[in-house]
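Everything on this sheet refers to the single structure shown next.
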Amino acid sequence: MSNTNSLFGGSDMMGVCYAPYHQAATVKKSAYTKADVDADLKIISDFNMTFIRTYTVQGCQEYLPELCKKYSIGVALGAWIFQGDSASTHTEIDTALTQANAYPDMVKVIVIGNEVDLASNNYTLAEVESAFNYAKTQLVNYPKISNVPLTICMTGSGPIPQKAPNINWSSLLPLMQDYAFLTIYPWYGQKVNNKFNPKDITANMQYSYNNGMAQAIAEGLEVVIAEIGWPTAGDTNADTNIKASVANFNTTCTWINGTNTYNKAFITMWFEMFDEPWKTAEGAWGPHWGIYGSGVSPKLKKDGSTKFTICS
């Protein structure tokens, strides 16, 4: 089938999630430079990824839209919601809007918050709504991006009404403009039953479609798979190795390119480009989701003849 990427243009449907802090084991976040971000984006460009998703505009990430223009990389620009701190959230949103307005040809959508319905984030529905409405109100002050849509990122099951703990996160759907960003993880789905098959995600994606994606689509939104991936290490009982991750990457590419039950392509962000060594809270696999490793000169992961290659 012929794919059309409504958000970033062209036919490529797979982009990548990016955060610049893969050197965090040895470098403080405050020490990251424009040159560090430039080096990362060159790797992303050389890998032939044409669009990325980010999570915040803090620190060295102020350079992202500018450098994305250098490498012709489209951006889904993330603005973080600071739980219980509306002043910091407003500053974050103001910065995101300013960055987008400076490079309106590169910033294609602004994503408010990440997995806002996840219990561990401890957000209230009111503060997420408030953050989004603040962005919507302020957007009129930035004429170059008046047509850039605003949206919110939820987990794949976020759109289901009355999701525990009895917060109706689905009420966020009518706020979103054109797109719903949903994180979907077949690896976690298969982990529940301890039956891992990285080459077959059909049942997992069917579940995600019925229990989240379909609800967003019914609201008139196009679903963007905001995160999807498979760790390369961290749990020997859960098929976390490079071979399995590469196999799942290829399978995911096929599925999101339209070879699925729905004969529909989905704009998708692979999680993630670089390992994040600091991400240990979710489990031993947390630091190992990258296509590339971490450090000053991150390397493409490969295991013998097995290595990641861009979706065709």
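FYI, nothing fancy with the structure tokens labels: chains A, B, ... in order, residues from 1 per chain, ligands from 1 as they appear.
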Could you pull the residues within 12 Å of Asn5 of chain A, counting only C-alpha atoms, minus those fewer than 2 positions along the same chain, as a PyMOL selection string? chain A and resi 2-3+7-15+50-51+74+108+222-224+256-258+264-268
If DSSP is run on the backbone, what residues of segment 142-246 of chain A are alpha helix (DSSP H)? A reply as a PyMOL selection string would be ideal. chain A and resi 186-193+202-208+214-218+242-246
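Our summary of the geometry notes that atom CA of Ala31 of chain A is positioned 25.2 Å from atom CA of Val107 of chain A.
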May I ask which of the residues A:Trp289, A:Ile93, A:Leu139, A:Asn166 is the closest one to Trp187 of chain A, counting only C-alpha atoms?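 Nearest candidate to Trp187 of chain A out of A:Trp289, A:Ile93, A:Leu139, A:Asn166: A:Trp289.
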Using only C-alpha atoms, which of A:Thr95, A:Val140, A:Gln23, A:Tyr18 sits nearest Cys68 of chain A? A:Tyr18
Determine the nearest neighbour of Asn48 of chain A from the options A:Ala25, A:Cys311, A:Val296, A:Leu182, counting only C-alpha atoms.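 For Asn48 of chain A, the nearest of the candidates is A:Cys311.
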Contacts of segment 125-133 of chain A at 7 Å or less, counting only C-alpha atoms, minus same-chain residues fewer than 6 places along, as a list in words?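 Contacts, in chain order: Thr89, Ile112 and Trp169 of chain A.
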What is the distance between atom CA of Lys307 of chain A and atom CA of Val27 of chain A, in Å to one decimal?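 Calculated distance between atom CA of Lys307 of chain A and atom CA of Val27 of chain A is 27.4 Å.
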Write out as a ChimeraX atom specification each polymer residue whose atoms come within 9 Å of Ala244 of chain A, counting only C-alpha atoms; drop sequence neighbours fewer than 5 positions from it. /A:197-199,230-232,239,249
Taking only segment 14-74 of chain A into account, list the residues labelled strand (DSSP E or B) by DSSP (computed from the backbone), as a list in words.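 Strand (DSSP E or B) assignments inside segment 14-74 of chain A correspond to Met14, Gly15, Val16, Cys17, Phe51, Ile52, Arg53 and Gly74 of chain A.
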Would you write out those residues with N, CA and C atoms, as a PDB file, in the first residue's frame?
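Now in selection-v6.pdb:
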ATOM      1  N   MET A  14       7.855   5.476  10.381  1.00  0.00           N
ATOM      2  CA  MET A  14       8.568   5.224  11.631  1.00  0.00           C
ATOM      3  C   MET A  14       9.578   6.322  11.928  1.00  0.00           C
ATOM      4  N   GLY A  15       9.372   7.008  13.059  1.00  0.00           N
ATOM      5  CA  GLY A  15      10.356   7.930  13.596  1.00  0.00           C
ATOM      6  C   GLY A  15      10.902   7.366  14.891  1.00  0.00           C
ATOM      7  N   VAL A  16      11.502   8.221  15.703  1.00  0.00           N
ATOM      8  CA  VAL A  16      12.161   7.712  16.900  1.00  0.00           C
ATOM      9  C   VAL A  16      12.010   8.699  18.049  1.00  0.00           C
ATOM     10  N   CYS A  17      11.940   8.179  19.260  1.00  0.00           N
ATOM     11  CA  CYS A  17      11.930   9.009  20.462  1.00  0.00           C
ATOM     12  C   CYS A  17      13.370   9.397  20.792  1.00  0.00           C
ATOM     13  N   PHE A  51      11.973  11.966  11.398  1.00  0.00           N
ATOM     14  CA  PHE A  51      11.236  12.709  12.417  1.00  0.00           C
ATOM     15  C   PHE A  51      11.444  12.085  13.783  1.00  0.00           C
ATOM     16  N   ILE A  52      11.326  12.937  14.803  1.00  0.00           N
ATOM     17  CA  ILE A  52      11.565  12.511  16.181  1.00  0.00           C
ATOM     18  C   ILE A  52      10.464  13.030  17.087  1.00  0.00           C
ATOM     19  N   ARG A  53      10.366  12.395  18.246  1.00  0.00           N
ATOM     20  CA  ARG A  53       9.525  12.886  19.319  1.00  0.00           C
ATOM     21  C   ARG A  53      10.405  13.227  20.512  1.00  0.00           C
ATOM     22  N   GLY A  74      11.858  16.440  11.174  1.00  0.00           N
ATOM     23  CA  GLY A  74      10.642  16.992  11.755  1.00  0.00           C
ATOM     24  C   GLY A  74      10.531  16.648  13.228  1.00  0.00           C
TER      25      GLY A  74
END
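Shortest atom-to-atom contact with Phe82 of chain A among A:Val116, A:Val109, A:Met273, A:Ala102: A:Val116, counting only C-alpha atoms.
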Under the rule that only C-alpha atoms are counted, which of A:Thr280, A:Gln190, A:Thr183, A:Thr155 is the nearest residue to Ala203 of chain A?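 Counting only C-alpha atoms, the residue closest to Ala203 of chain A is A:Gln190.
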